[in-house]
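The next block holds one structure in the form of structure tokens; read it before the comments.
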Amino acid sequence: MSTEIKRAVCPYDCPTTCGFFVETDGNKIIKTIPDKNHPASQGILCRKMRKYEDSVNSDKRILKPLIRTGKKSGGEFREASWDEAVKLISGRWKEIIDENGPEAIAYCNYSGVMSDIQRNCGEAFFNYMGACSLVKTLCSTAKGVGYSNVVGKTSSLDPREIKDSDLYIIWGSNMMATSIQSMPDIINAKRDGKKIILVEPYAESMKQYCDEIILIKPGTDGALALAMMNVLVKHGFADEEFLRENADGYEEFKETLSEYSPEWAEGITGIPAKTIENFAAEYGRAKAPAIILGSGNSRYGNGAMTVRLITILSLFTGVWMNKGGGICGCAPIDTSYVNLKLINRTDFRQKPAKRININQLGTAIKDKEIKSLYVYGGNPANSVSNIKAVLEGLEREDIFTVVHERFMTDTAKYADVILPATFSVEQTDIYRSYGYCTLQTARKAVEPPGECKSNWDTFCLLAKEMGYEDEYFTRTEDEMFEFVLNNPTKAVEKLSYRERQELFNGGSVNMPFSDHTVWKTDSGKIKIVNEKLAESMPRYIESHGGEYPIKLISVPDVHTLNTVFTNNPNLSNKRGTMRLAIHSKDAEARGIKNKDRIICFNDLAEVEFEAFVTENIAKGTAAAVGTFRSEQTLNGLGVNALHHDRLSDMGEATTMNDNTVDIRLA
Ligand SMILES: Nc1nc2c(c(=O)[nH]1)N[C@H]1C(S)=C(S)[C@@H](COP(=O)(O)OP(=O)(O)OC[C@H]3O[C@@H](n4cnc5c(=O)[nH]c(N)nc54)[C@H](O)[C@@H]3O)O[C@H]1N2
Ligand SMILES: Nc1nc2c(c(=O)[nH]1)N[C@H]1C(S)=C(S)[C@@H](COP(=O)(O)OP(=O)(O)OC[C@H]3O[C@@H](n4cnc5c(=O)[nH]c(N)nc54)[C@H](O)[C@@H]3O)O[C@H]1N2
Ligand code: SF4
Ligand SMILES: [Mo]
């Protein structure tokens, strides 16, 4: 059998955006091969992707359009042709637009495929239609806003720059799950005697790689950062000359710091004052400490302020000027690699429409004014907060729902029409990374099975049927790909001929690291005080919290990525039963032992878990690991049923870690 090796890029929502190769027999993917020379992943593929062929060739894939025959969510469908499905959809949409206007149509898209054309082409379609617009803030928008409120467009460290750091603070990141490619640097640093400190409410996964574990109460990291800055000033570790020269508002901010003593912070964070003193001093002495910041602590009612405070802390001792010093995990790229406007076509929208925040999708689609919902590259029936509201909306007989999917997800079960979707290796696209300075492309490696179609091809078909005549919708996928590459941004224009050629054929290009020492803000200075904000002076604000005694957080699982891979039995089985980690003291107080069936409850729902009793979690905290399909849950509900749909202080982002619950034996 003759086979061929083709280049591929991981399309999932991870900071690394790993590159790899696939071996094909001309028909199917038969093997996934890591790329040792890849600039970011360097031959390391996570366990989810090591046998990607199992996911791509799964016999559970949807291969034909399906039309509902039974009740909503009943899972009864009949096969249909694309022609019938597309005519049905466009027919209903035209009726709805005639009767109620285009804002009666909503869409939902998130992280299923992160490559630029396939992810964003739906924006162009719904902009053209004039449908409701979607506020896509399900993940880490509060983090981005908190960071840029201080340093504007100045970039954070690319993970490849932390090799030069002399102290590592892993601040709320389960790197074993979400940034495995940086783990060799952590392991090597520890071996070389550099210290690794973990700041986490839930340290189970990372504890063995760290020298010191600081367990913190969820949502209180801002208080820790402030107390550290109090100590840095008190003991002369703050680089005051640097701050006076480079930052707006240092003197005023410094005056407020005396309030934020380690003893004050102990009361809020649960971390002993002495530990805070020592941590701050250790940080103050380091020449090039790297704060590796996850997104977990931004998913709170105070999330943007928390990240703002940690960003200020990272600047407080002047270490951004030293190689390896600074913050890693925010935005390492300070320029644009792809001209996104060519894809999402914001210019198609004639007037502003009703905005739907994805975190509040349930409330939005319960509203009878919404007559149709189109879902692609997302699984809101599992991934969005306040699941009961989402399901109530999806259950409506009078909401015409179309789901473009690869598998029969919980969301797809509620569809009137399901359209079969492709995998990344069956489509052509451009891949930016949000964690590394790389730009990649991959051409289609194999033809899709059955009648699966990419998002691009599907939207072009729907546009044709709707009578949308713009040239945009007439291009083939390859033509669109080449059109975007032929209209490069300034950063891409600077690449060599060979690199540009590589992008055309499918390849990974290493872009230069950014300069972390030029402040790309409106004043050209670091914004400690930012007059443009309602909260111009940074301070500690409380998270939303709630009336129940236990704080609930949701954390990533190493075997799955949100609900992607939950249809792969090898990975799901290894992940095991839906678990809730709780501290042994909290368990004891409730008569709960390890592996007991427990009910976690609040005003929104009751969700059953298996108890995981541990010392590696802050007291008064419960951590739900992974996102589950309903059939894999214990009582039909996942943890998101316990999440309110409140938004963050800035960035309109998720606050999925900011809920309270109580727990009892089942
Ligand atoms: N409890 C809990 N909830 C969470 C999280 C958590 O850790 N715990 N994480 C949160 C975060 S950070 C995020 S980003 C969100 C993710 O939320 P979502 O993006 O809604 O959820 P996913 O589970 O990633 O679902 C993506 C779906 O897209 C489909 N898909 C993949 N590729 C394609 C394609 O090319 N075309 C089409 N049409 N479909 C495709 C996949 O089959 C999958 O069903 O979840 C959030 N919710
Ligand atoms: N294996 C795997 N990989 C993934 C994902 C996955 O689900 N599984 N998800 C993908 C997605 S969608 C994203 S957005 C990225 C990043 O995904 P994220 O969900 O941002 O993951 P992490 O950055 O590892 O950060 C989560 C960590 O924050 C901690 N945390 C929660 N609250 C607090 C707090 O108040 N303070 C502190 N200090 N820590 C807190 C949690 O305990 C957890 O360890 O990863 C991607 N990669
Ligand atoms: S899921 Fe994340 S870590 Fe795994 S291959 Fe894809 S980008 Fe890399
Ligand atoms: Mo995410």
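By order of appearance in the structure tokens: chains A, B, ..., then residues from 1 within every chain, and ligands from 1 in the order shown.
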For chain A versus ligand 2, which residues have an atom no more than 6 Å away, and what is each residue's nearest atom pair and distance in Å rounded to one decimal, using only C-alpha atoms and all ligand atoms, chain-then-number order, as a tab-separated table?
residue	atom	partner	partner_atom_place_in_ligand_line	distance
A:Asp13	CA	ligand 2	12 (S)	4.9
A:Cys14	CA	ligand 2	46 (C)	4.1
A:Cys139	CA	ligand 2	14 (S)	5.3
A:Trp171	CA	ligand 2	38 (N)	5.1
A:Gly172	CA	ligand 2	39 (N)	3.3
A:Ser173	CA	ligand 2	24 (O)	3.5
A:Asn174	CA	ligand 2	24 (O)	3.5
A:Met175	CA	ligand 2	24 (O)	5.3
A:Ala177	CA	ligand 2	1 (N)	3.9
A:Thr178	CA	ligand 2	47 (N)	3.9
A:Val199	CA	ligand 2	38 (N)	5.0
A:Glu200	CA	ligand 2	38 (N)	4.2
A:Pro201	CA	ligand 2	42 (O)	5.5
A:Tyr202	CA	ligand 2	42 (O)	4.7
A:Pro218	CA	ligand 2	35 (O)	3.5
A:Gly219	CA	ligand 2	35 (O)	3.7
A:Thr220	CA	ligand 2	35 (O)	6.0
A:Asp221	CA	ligand 2	36 (N)	5.7
A:Gly294	CA	ligand 2	23 (O)	3.2
A:Ser295	CA	ligand 2	20 (O)	3.6
A:Gly296	CA	ligand 2	28 (O)	3.3
A:Asn297	CA	ligand 2	34 (C)	3.8
A:Ile553	CA	ligand 2	31 (C)	5.8
A:Val555	CA	ligand 2	43 (C)	4.9
A:Pro556	CA	ligand 2	7 (O)	4.0
A:Asp557	CA	ligand 2	8 (N)	4.7
A:Val558	CA	ligand 2	1 (N)	3.7
A:His559	CA	ligand 2	1 (N)	5.5
A:Thr560	CA	ligand 2	8 (N)	5.0
A:Leu561	CA	ligand 2	7 (O)	3.6
A:Asn562	CA	ligand 2	7 (O)	4.3
A:Asn657	CA	ligand 2	32 (N)	6.0
Using only C-alpha atoms and all ligand atoms, find each residue of chain A with at least one atom at most 7 Å away from an atom of ligand 3; report its shortest atom-to-atom pair and that distance in Å (one decimal), sort the rows by chain and rising residue number, and return the result as CSV.
residue,atom,partner,partner_atom_place_in_ligand_line,distance
A:Cys10,CA,ligand 3,6 (Fe),4.6
A:Pro11,CA,ligand 3,6 (Fe),6.7
A:Tyr12,CA,ligand 3,6 (Fe),5.5
A:Asp13,CA,ligand 3,2 (Fe),6.7
A:Cys14,CA,ligand 3,2 (Fe),4.4
A:Pro15,CA,ligand 3,7 (S),6.6
A:Thr16,CA,ligand 3,7 (S),5.0
A:Thr17,CA,ligand 3,7 (S),3.9
A:Cys18,CA,ligand 3,8 (Fe),4.2
A:Ser41,CA,ligand 3,8 (Fe),6.9
A:Leu45,CA,ligand 3,5 (S),4.9
A:Cys46,CA,ligand 3,4 (Fe),4.2
A:Arg47,CA,ligand 3,4 (Fe),6.9
A:Lys48,CA,ligand 3,4 (Fe),5.8
A:Met49,CA,ligand 3,5 (S),5.1
A:Thr178,CA,ligand 3,3 (S),6.4
A:Ser179,CA,ligand 3,3 (S),6.3
A:Ile180,CA,ligand 3,3 (S),6.3
A:Leu561,CA,ligand 3,1 (S),6.9
Print the selection's residues with C-alpha atoms to a file, as a PDB file, in the first residue's frame.
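Writing the result to part.pdb gives the following:
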ATOM      1  CA  CYS A  10      -4.437  21.071  15.549  1.00  0.00           C
ATOM      2  CA  PRO A  11      -7.669  23.077  15.260  1.00  0.00           C
ATOM      3  CA  TYR A  12      -8.625  22.995  18.946  1.00  0.00           C
ATOM      4  CA  ASP A  13      -8.761  25.758  21.506  1.00  0.00           C
ATOM      5  CA  CYS A  14      -5.290  25.450  23.010  1.00  0.00           C
ATOM      6  CA  PRO A  15      -2.551  28.048  23.332  1.00  0.00           C
ATOM      7  CA  THR A  16      -0.003  25.897  21.494  1.00  0.00           C
ATOM      8  CA  THR A  17      -1.783  25.157  18.194  1.00  0.00           C
ATOM      9  CA  CYS A  18       0.466  22.151  17.643  1.00  0.00           C
ATOM     10  CA  SER A  41       5.086  21.826  19.860  1.00  0.00           C
ATOM     11  CA  LEU A  45       1.581  15.946  21.028  1.00  0.00           C
ATOM     12  CA  CYS A  46      -0.900  15.697  23.884  1.00  0.00           C
ATOM     13  CA  ARG A  47      -2.618  12.391  24.580  1.00  0.00           C
ATOM     14  CA  LYS A  48      -5.852  13.693  23.043  1.00  0.00           C
ATOM     15  CA  MET A  49      -4.276  14.062  19.627  1.00  0.00           C
ATOM     16  CA  THR A 178      -3.434  22.860  28.858  1.00  0.00           C
ATOM     17  CA  SER A 179       0.249  23.643  28.096  1.00  0.00           C
ATOM     18  CA  ILE A 180       2.060  20.344  28.093  1.00  0.00           C
ATOM     19  CA  LEU A 561     -10.867  19.345  25.779  1.00  0.00           C
TER      20      LEU A 561
END
Item to check | Close residues to ligand 1 using only C-alpha atoms and all ligand atoms, limit 8 Å, as a ChimeraX atom specification | outcome: /A:11-13,109-113,118-119,138-140,375-385,403-407,409,420-424,454-455,554-557,561-564,624-628,638-640,656
Just-selected residues, C-alpha atoms written as a short mmCIF file (atom, residue, chain, number, x, y, z; two decimals), in the first residue's frame:
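The resulting file, again34.cif, is reproduced below:
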data_model
loop_
_atom_site.label_atom_id
_atom_site.label_comp_id
_atom_site.auth_asym_id
_atom_site.auth_seq_id
_atom_site.Cartn_x
_atom_site.Cartn_y
_atom_site.Cartn_z
CA PRO A 11 -7.67 23.08 15.26
CA TYR A 12 -8.63 22.99 18.95
CA ASP A 13 -8.76 25.76 21.51
CA ASN A 109 -20.35 29.42 17.59
CA TYR A 110 -17.37 28.95 19.80
CA SER A 111 -14.23 26.89 19.92
CA GLY A 112 -14.89 23.66 17.96
CA VAL A 113 -12.58 24.79 15.19
CA GLN A 118 -13.66 27.90 9.24
CA ARG A 119 -14.27 29.64 12.56
CA LEU A 138 -17.01 32.11 26.90
CA CYS A 139 -13.36 31.66 27.67
CA SER A 140 -10.79 34.24 28.76
CA VAL A 375 -25.10 26.28 16.00
CA TYR A 376 -21.71 25.47 14.51
CA GLY A 377 -18.39 24.64 16.17
CA GLY A 378 -19.92 24.74 19.62
CA ASN A 379 -21.83 22.60 22.06
CA PRO A 380 -23.78 25.03 24.24
CA ALA A 381 -25.99 22.32 25.75
CA ASN A 382 -22.90 21.26 27.71
CA SER A 383 -20.44 24.13 27.71
CA VAL A 384 -22.40 27.25 28.59
CA SER A 385 -23.47 28.40 32.07
CA VAL A 403 -26.78 22.27 14.19
CA HIS A 404 -23.74 21.72 12.02
CA GLU A 405 -21.83 18.98 13.82
CA ARG A 406 -19.50 16.00 13.58
CA PHE A 407 -21.19 14.00 16.35
CA THR A 409 -23.89 16.07 20.74
CA PRO A 420 -22.67 16.81 8.90
CA ALA A 421 -19.39 18.64 9.57
CA THR A 422 -15.79 17.92 8.68
CA PHE A 423 -12.64 17.45 10.76
CA SER A 424 -9.70 19.82 10.34
CA SER A 454 -16.79 22.22 6.04
CA ASN A 455 -18.19 25.37 7.62
CA SER A 554 -14.50 24.06 36.97
CA VAL A 555 -11.11 22.84 35.82
CA PRO A 556 -9.81 21.20 32.64
CA ASP A 557 -9.28 17.45 32.38
CA LEU A 561 -10.87 19.35 25.78
CA ASN A 562 -14.20 20.79 26.80
CA THR A 563 -16.55 18.22 25.17
CA VAL A 564 -14.27 17.57 22.22
CA ALA A 624 -15.35 19.84 39.05
CA VAL A 625 -12.95 18.24 36.59
CA GLY A 626 -13.78 18.22 32.86
CA THR A 627 -16.93 18.87 30.83
CA PHE A 628 -19.23 15.89 30.26
CA GLY A 638 -23.14 18.54 34.14
CA VAL A 639 -21.52 21.08 36.43
CA ASN A 640 -22.56 23.99 34.22
CA MET A 656 -18.09 30.07 35.49
#
Checklist entry - By how many Å are CA of Phe348 in chain A and CA of Val390 in chain A apart? => result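 A separation of 28.9 Å between them.
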Checklist entry - range 379-613 of chain A: which residues are strand (DSSP E) by DSSP, as a ChimeraX atom specification? => result /A:400-405,417-420,429-432,438-442,508-510,526-527,550-555,579-583,597-601,606-613
Checklist entry - Using only C-alpha atoms, which residues sit within 12 Å of Met466 in chain A once same-chain residues fewer than 4 positions away are excluded, as a VMD selection string? => result chain A and resid 86 to 95 97 125 to 126 128 to 129 459 to 462 470 473
Item to check | CA of Lys274 in chain A to CA of Ala225 in chain A, straight-line distance in Å | outcome: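 Answer for the CA of Ala225 in chain A to CA of Lys274 in chain A separation: 14.5 Å.
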Next on the checklist: Would you pick out the contacts of Gly450 in chain A at 8 Å or less, using only C-alpha atoms, so that residues sharing its chain but fewer than 2 positions from it are not included, and give the list as number ranges by chain?
Outcome noted: A: 63-64, 448, 452
Checklist entry - Near range 364-374 of chain A, counting only C-alpha atoms, which residues have an atom at most 8 Å away, once you skip same-chain residues fewer than 3 positions from it, shown as a list of chain:residue names? => result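 Selected residues are A:Trp93, A:Ile96, A:Glu103, A:Ala104, A:Ile105, A:Ala106, A:Tyr107, A:Cys108, A:Ile356, A:Gln360, A:Leu361, A:Ala389, A:Val390, A:Glu392, A:Gly393, A:Leu394, A:Arg396, A:Asp398, A:Ile399, A:Phe400, A:Thr401, A:Val402, A:Val403, A:His404.
Proximity ranking of A:Ala280, A:Ala223, A:Val484, A:Tyr168 relative to Asp211 in chain A places A:Tyr168 first, based on only C-alpha atoms.
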Checklist entry - Looking at only C-alpha atoms, which of A:Ile327, A:Met183, A:Ile29, A:Leu157 is the one that sits closest to Ile44 in chain A? => result A:Met183
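Distances from A:Thr363, A:Ser543, A:Gln632, A:Ser298 to ligand 4 were compared using only C-alpha atoms and all ligand atoms, and the smallest one belongs to A:Ser298.
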Item to check | DSSP-assigned alpha helix (DSSP H) among range 163-390 of chain A, expressed as a PyMOL selection string | outcome: chain A and resi 175-178+183-191+221-234+240-246+250-257+262-269+273-285+303-315+341-344+361-366+380-383+387-390
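Checking A:Lys619, A:Lys163, A:Lys194, A:Lys351 one by one against Cys132 in chain A, counting only C-alpha atoms, you find the shortest gap at A:Lys351.
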Checklist entry - Got a sec: who's within 8 Å of range 595-602 of chain A, counting only C-alpha atoms, leaving out chain neighbours fewer than 4 positions off, as JSON, numbers by chain? => result {"A": [548, 606, 607, 608, 609, 610, 611, 612, 613, 642, 660, 661, 662, 663, 664, 665, 666]}
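For Gly75 in chain A, the list of residues within 8 Å, based on only C-alpha atoms and with local chain neighbours fewer than 5 positions off taken out, reads Arg68, Gly70, Lys413 and Tyr414 of chain A.
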Using N, CA, C and O atoms, can you export the residues from the last selection as an mmCIF file, in the first residue's frame?
data_model
loop_
_atom_site.group_PDB
_atom_site.id
_atom_site.type_symbol
_atom_site.label_atom_id
_atom_site.label_comp_id
_atom_site.auth_asym_id
_atom_site.auth_seq_id
_atom_site.Cartn_x
_atom_site.Cartn_y
_atom_site.Cartn_z
ATOM 1 N N ARG A 68 -35.283 16.092 11.805
ATOM 2 C CA ARG A 68 -35.959 15.557 12.995
ATOM 3 C C ARG A 68 -37.300 14.937 12.642
ATOM 4 O O ARG A 68 -38.072 15.513 11.877
ATOM 5 N N GLY A 70 -38.930 12.944 15.449
ATOM 6 C CA GLY A 70 -39.608 12.769 16.745
ATOM 7 C C GLY A 70 -39.677 14.074 17.505
ATOM 8 O O GLY A 70 -39.655 15.158 16.906
ATOM 9 N N LYS A 413 -28.931 16.943 19.512
ATOM 10 C CA LYS A 413 -30.167 16.193 19.789
ATOM 11 C C LYS A 413 -31.409 17.083 19.729
ATOM 12 O O LYS A 413 -32.516 16.602 19.535
ATOM 13 N N TYR A 414 -31.230 18.384 19.940
ATOM 14 C CA TYR A 414 -32.380 19.304 19.928
ATOM 15 C C TYR A 414 -32.634 19.916 18.547
ATOM 16 O O TYR A 414 -33.516 20.747 18.400
#
Next on the checklist: So the first atom is CA of Lys51 in chain A and the second is CA of Phe21 in chain A; what is the distance between them in Å, to one decimal place?
Outcome noted: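 Distance between the two atoms: 11.5 Å.
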